[in-house]
file data35.txt (compact mmCIF, C-alpha atoms)
# COMPACT_ATOMS: atom_id res chain seq x y z
CA THR A 1 44.59 55.39 69.38
CA PRO A 2 47.90 56.84 68.08
CA ALA A 3 51.04 56.55 70.14
CA THR A 4 51.93 59.61 72.23
CA ALA A 5 55.47 58.59 73.33
CA LEU A 6 58.15 56.14 72.24
CA GLU A 7 61.43 55.28 73.99
CA VAL A 8 64.07 52.55 73.54
CA SER A 9 66.06 51.22 76.51
CA GLN A 10 69.72 50.13 76.64
CA ARG A 11 68.73 46.49 76.09
CA GLY A 12 66.54 47.27 73.06
CA VAL A 13 63.20 47.23 74.87
CA LEU A 14 60.64 49.52 73.22
CA GLY A 15 58.45 51.60 75.48
CA LEU A 16 55.12 52.64 73.93
CA ALA A 17 52.50 54.98 75.36
CA TYR A 18 49.04 55.75 74.00
CA GLY A 19 46.42 57.44 76.10
CA PRO A 20 46.76 56.26 79.73
CA HIS A 21 48.27 52.94 78.64
CA VAL A 22 51.98 51.99 78.70
CA GLN A 23 53.39 48.90 76.99
CA LEU A 24 56.87 47.38 76.84
CA TRP A 25 57.85 45.32 73.81
CA GLN A 26 60.95 43.13 74.07
CA ASP A 27 63.19 42.80 70.97
CA ALA A 28 60.69 44.82 68.99
CA LEU A 29 63.44 46.30 66.79
CA THR A 30 64.80 42.93 65.64
CA THR A 31 61.80 40.56 65.63
CA LYS A 32 58.07 40.90 65.33
CA ALA A 33 56.58 40.33 68.80
CA GLN A 34 53.10 38.96 69.13
CA ALA A 35 52.26 40.70 72.43
CA PRO A 36 53.95 43.04 74.91
CA TYR A 37 55.63 41.40 77.87
CA LEU A 38 54.59 44.20 80.26
CA ARG A 39 51.73 46.68 80.27
CA HIS A 40 50.37 49.26 82.70
CA CYS A 41 47.47 51.70 82.78
CA TYR A 42 47.31 55.07 84.57
CA ALA A 43 43.56 55.23 84.88
CA GLY A 44 42.13 58.62 85.76
CA LYS A 45 45.45 60.43 85.39
CA GLY A 46 45.22 61.56 81.80
CA ALA A 47 47.25 60.57 78.79
CA VAL A 48 50.90 59.61 79.10
CA ALA A 49 52.96 62.31 77.36
CA ASP A 50 56.55 61.15 77.84
CA LEU A 51 58.67 58.08 78.68
CA ALA A 52 62.26 57.77 79.89
CA PHE A 53 64.40 54.82 80.98
CA VAL A 54 66.88 55.18 83.85
CA PRO A 55 70.39 54.22 82.62
CA TYR A 56 71.73 50.96 84.11
CA GLU A 57 68.51 50.50 86.11
CA ASP A 58 65.32 48.53 85.53
CA VAL A 59 63.15 51.58 86.05
CA MET A 60 61.08 53.63 83.63
CA LEU A 61 59.69 57.12 84.25
CA CYS A 62 56.29 58.01 82.86
CA GLY A 63 54.97 61.56 82.60
CA HIS A 64 51.15 61.90 82.53
CA GLY A 65 48.54 64.55 83.03
CA ALA A 66 48.53 64.24 86.85
CA GLY A 67 52.30 64.34 87.26
CA ALA A 68 54.88 61.56 86.92
CA GLY A 69 55.15 57.95 87.92
CA THR A 70 57.77 55.22 87.97
CA LEU A 71 57.37 51.73 86.64
CA LEU A 72 59.57 48.72 87.38
CA ALA A 73 60.59 47.06 84.13
CA PRO A 74 62.86 44.04 84.53
CA GLY A 75 65.48 43.63 81.84
CA VAL A 76 65.46 47.13 80.34
CA GLY A 77 68.75 48.40 81.90
CA GLU A 78 72.29 47.34 81.02
CA PRO A 79 73.61 45.26 83.96
CA ASN A 80 77.28 45.30 82.87
CA PHE A 81 78.62 48.82 82.42
CA ASP A 82 82.01 49.82 81.02
CA THR A 83 83.84 52.14 83.39
CA PHE A 84 85.84 53.64 80.49
CA VAL A 85 82.63 54.71 78.75
CA ALA A 86 80.19 55.54 81.55
CA ASN A 87 80.46 54.69 85.24
CA PRO A 88 77.39 55.51 87.35
CA TYR A 89 79.40 54.99 90.55
CA GLN A 90 82.45 57.04 89.59
CA THR A 91 84.15 59.19 92.21
CA ARG A 92 85.19 62.81 91.84
CA LYS A 93 88.74 61.84 90.86
CA GLN A 94 87.48 59.36 88.26
CA ARG A 95 85.14 61.98 86.82
CA LYS A 96 88.04 64.46 86.41
CA GLU A 97 90.18 61.80 84.71
CA HIS A 98 87.29 60.96 82.39
CA GLU A 99 86.92 64.62 81.41
CA VAL A 100 90.64 64.87 80.65
CA ARG A 101 90.48 61.70 78.57
CA MET A 102 87.53 63.08 76.60
CA LEU A 103 89.42 66.31 75.90
CA LEU A 104 92.46 64.35 74.70
CA ASP A 105 90.26 62.30 72.39
CA LYS A 106 89.07 65.52 70.75
CA LEU A 107 92.63 66.66 69.95
CA PRO A 108 94.16 65.69 66.62
CA ALA A 109 96.75 62.94 66.80
CA THR A 110 99.38 65.18 65.22
CA THR A 111 99.28 67.62 68.15
CA ILE A 112 100.01 65.08 70.91
CA GLN A 113 102.45 62.65 69.24
CA LEU A 114 106.16 62.93 68.53
CA ASP A 115 107.44 63.80 65.11
CA PRO A 116 108.91 60.56 63.73
CA GLY A 117 111.20 62.57 61.44
CA SER A 118 112.99 64.28 64.36
CA ILE A 119 113.49 61.18 66.53
CA GLY A 120 117.09 59.90 66.48
CA THR A 121 118.54 63.06 64.94
CA VAL A 122 121.24 65.30 66.44
CA GLN A 123 120.53 68.95 67.13
CA LYS A 124 123.26 71.13 65.66
CA GLU A 125 124.27 74.19 67.66
CA ALA A 126 125.79 77.33 66.19
CA ARG A 127 129.51 77.89 66.73
CA GLU A 128 128.83 81.04 68.74
CA GLU A 129 126.52 79.18 71.10
CA GLN A 130 129.09 76.42 71.61
CA SER A 131 131.90 78.89 72.39
CA ALA A 132 129.68 80.86 74.79
CA ARG A 133 128.71 77.67 76.62
CA GLN A 134 132.36 76.58 76.86
CA GLN A 135 133.42 80.00 78.21
CA ALA A 136 130.68 79.93 80.83
CA ALA A 137 131.75 76.45 81.95
CA ALA A 138 135.42 77.53 82.16
CA ALA A 139 134.52 80.62 84.23
CA ALA A 140 132.48 78.48 86.61
CA ASN A 141 135.39 76.05 87.02
CA ARG A 142 137.84 78.91 87.74
CA SER A 143 135.57 80.43 90.38
CA ALA A 144 135.16 77.03 92.03
CA ALA A 145 138.95 76.53 92.10
CA VAL A 146 139.54 79.99 93.63
CA LYS A 147 136.96 79.32 96.31
CA LEU A 148 138.57 75.97 97.12
CA ARG A 149 142.05 77.54 97.44
CA THR A 150 140.68 80.29 99.72
CA GLU A 151 139.06 77.72 102.00
CA GLU A 152 142.31 75.73 102.17
CA GLN A 153 144.31 78.86 103.10
CA ASP A 154 141.83 79.74 105.84
CA THR A 155 142.12 76.21 107.21
CA ARG A 156 145.94 76.35 107.27
CA THR A 157 145.84 79.78 108.97
CA LYS A 158 143.66 78.46 111.75
CA ARG A 159 146.04 75.53 112.37
CA VAL A 160 148.64 77.45 114.43
CA LYS A 161 151.64 75.44 115.67
CA GLY A 162 151.38 74.58 119.35
CA ARG A 163 147.75 75.62 119.61
CA ASN A 164 146.66 72.38 121.24
CA LYS A 165 149.47 72.08 123.77
CA ALA A 166 148.53 71.10 127.30
CA SER A 167 149.82 74.40 128.77
CA ARG A 168 147.80 76.51 126.33
CA ARG A 169 144.69 74.46 126.85
CA HIS A 170 145.12 74.94 130.60
CA LYS A 171 145.60 78.70 130.15
CA ARG A 172 142.44 78.97 128.02
CA LYS A 173 140.51 77.10 130.68
CA GLN A 174 141.87 79.41 133.42
CA GLN A 175 140.57 82.45 131.58
CA ASN A 176 137.02 81.40 132.36
CA VAL A 177 137.76 80.57 136.04
CA VAL A 178 136.72 83.19 138.62
CA ASP A 179 139.63 84.14 140.95
CA VAL A 180 138.17 84.65 144.43
CA ALA A 181 141.01 86.83 145.71
CA ARG A 182 140.96 89.08 142.69
CA PHE A 183 137.18 89.37 142.86
CA GLN A 184 137.32 90.36 146.55
CA ALA A 185 140.04 92.95 145.84
CA GLU A 186 137.98 94.52 143.07
CA GLN A 187 134.91 94.65 145.29
CA LYS A 188 136.95 96.31 148.10
CA ALA A 189 138.42 98.91 145.73
CA GLU A 190 134.99 99.78 144.40
CA ALA A 191 133.64 100.18 147.95
CA LEU A 192 136.53 102.52 148.91
CA THR A 193 135.95 104.61 145.79
CA ARG A 194 132.24 104.97 146.52
CA LYS A 195 133.00 105.91 150.15
CA ALA A 196 135.52 108.58 149.09
CA ASN A 197 133.09 110.10 146.60
CA ARG A 198 130.35 110.15 149.19
CA GLU A 199 132.57 111.88 151.80
CA ALA A 200 133.73 114.50 149.26
CA GLY A 201 130.15 115.30 148.36
CA GLN A 202 129.13 115.67 152.01
CA LEU A 203 132.11 117.96 152.67
CA LYS A 204 131.24 120.21 149.72
CA GLU A 205 127.61 120.48 150.81
CA ARG A 206 128.66 121.39 154.35
CA GLN A 207 130.97 124.14 153.03
CA ILE A 208 128.17 125.50 150.85
CA ARG A 209 125.79 125.68 153.80
CA GLU A 210 128.42 127.45 155.98
CA ALA A 211 129.23 129.96 153.25
CA GLY A 212 125.55 130.71 152.74
CA ALA A 213 125.02 131.23 156.48
CA MET A 214 127.91 133.76 156.66
CA GLY A 215 126.69 135.57 153.55
CA ASP A 216 130.04 135.30 151.81
CA SER A 217 128.94 135.61 148.22
CA ALA A 218 132.47 135.38 146.85
CA ALA A 219 133.14 132.15 148.69
CA LEU A 220 129.79 130.81 147.59
CA ALA A 221 130.52 131.66 143.97
CA LYS A 222 133.96 130.08 144.26
CA LEU A 223 132.50 126.90 145.67
CA TRP A 224 129.81 126.76 142.99
CA GLY A 225 132.44 127.36 140.33
CA LYS A 226 134.50 124.47 141.62
CA ARG A 227 131.45 122.27 141.64
call {"tool": "encode", "arguments": {"input": "data35.txt", "output": "structure tokens"}}
result
Amino acid sequence: TPATALEVSQRGVLGLAYGPHVQLWQDALTTKAQAPYLRHCYAGKGAVADLAFVPYEDVMLCGHGAGAGTLLAPGVGEPNFDTFVANPYQTRKQRKEHEVRMLLDKLPATTIQLDPGSIGTVQKEAREEQSARQQAAAAANRSAAVKLRTEEQDTRTKRVKGRNKASRRHKRKQQNVVDVARFQAEQKAEALTRKANREAGQLKERQIREAGAMGDSAALAKLWGKR
């Protein structure tokens, strides 16, 4: 019966399928084995059409006419994996770093390395660029000096002679103190003013009513004009 599927594992184990039978040959690519070290038969499930080994695991997947089946095959998977090549337990961050590393490996070396001919040399600037840079630095220094002198003048202006004398400190404190006598006098003056305004209004209303009762239109107009 001819073989229908062939597959080689990470450890060099050859998987062979013919009809419903599956055989595993160890070191079949380097030496001539006398007999397979593992065999299995899917009786009644049709011919095996495909084989596949699970990376870094001792498991083989077999596809047959009735579906698929798994087969434990000790020694077919690589037990020691290199995390820089392939890590089956890598996290999301490690996967992103691996993708970046793969992209960098694809770039030519000349695009990501320094030019050895330009290292240690001095970049020459044009005379116009040097003069412009010097003028800008001088203008910045002058503006800083003017600002400093202005701040010093403001500080000297605020330092008035005799500002912190005991008498002046006492006077500044007394400005915020409420004088009871003055407060009472202001309240009394305001009350007298309100009383006078109220009496004047009552008097004018009484005169208007009297003028209206007598029918004196001229007096009424005079009173309204004054109001």
call {"tool": "atom_distance", "arguments": {"input": "data35.txt", "atom1": "CA of Phe84 (chain A)", "atom2": "CA of Asp58 (chain A)"}}
result
21.7 Å
call {"tool": "closest_residue", "arguments": {"input": "data35.txt", "among": "A:Gly15, A:Gly120, A:Pro79, A:Gly69", "to": "Leu38 (chain A)", "atoms": "all atoms listed in the file"}}
result
A:Gly15
call {"tool": "atom_distance", "arguments": {"input": "data35.txt", "atom1": "CA of Ala35 (chain A)", "atom2": "CA of Val59 (chain A)"}}
result
20.6 Å
call {"tool": "residues_around", "arguments": {"input": "data35.txt", "residues": "Gly75 (chain A)", "least_positions_apart": "3", "cutoff": "12 Å", "atoms": "only C-alpha atoms", "output": "list in words"}}
result
Ser9, Gln10, Arg11, Gly12, Val13, Leu14, Leu24, Trp25, Gln26, Asp27, Tyr37, Leu38, Phe53, Val54, Pro55, Tyr56, Glu57, Asp58, Val59, Met60, Leu72, Glu78, Pro79 and Asn80 of chain A
call {"tool": "atom_distance", "arguments": {"input": "data35.txt", "atom1": "CA of Ala43 (chain A)", "atom2": "CA of His21 (chain A)"}}
result
8.1 Å
call {"tool": "residues_around", "arguments": {"input": "data35.txt", "residues": "Thr1 (chain A)", "least_positions_apart": "3", "cutoff": "10 Å", "atoms": "all atoms listed in the file", "output": "list of chain:residue names"}}
result
A:Thr4, A:Ala17, A:Tyr18, A:Gly19
call {"tool": "axis_aligned_box", "arguments": {"input": "data35.txt", "around": "region 140-155 of chain A", "padding_each_side": "6 Å", "output": "lines of an AutoDock Vina configuration file"}}
result
center_x = 138.4
center_y = 78.1
center_z = 96.9
size_x = 23.8
size_y = 16.7
size_z = 32.6
call {"tool": "residues_around", "arguments": {"input": "data35.txt", "residues": "Leu61 (chain A)", "least_positions_apart": "2", "cutoff": "6 Å", "atoms": "only C-alpha atoms", "output": "PyMOL selection string"}}
result
chain A and resi 51-52+69-70
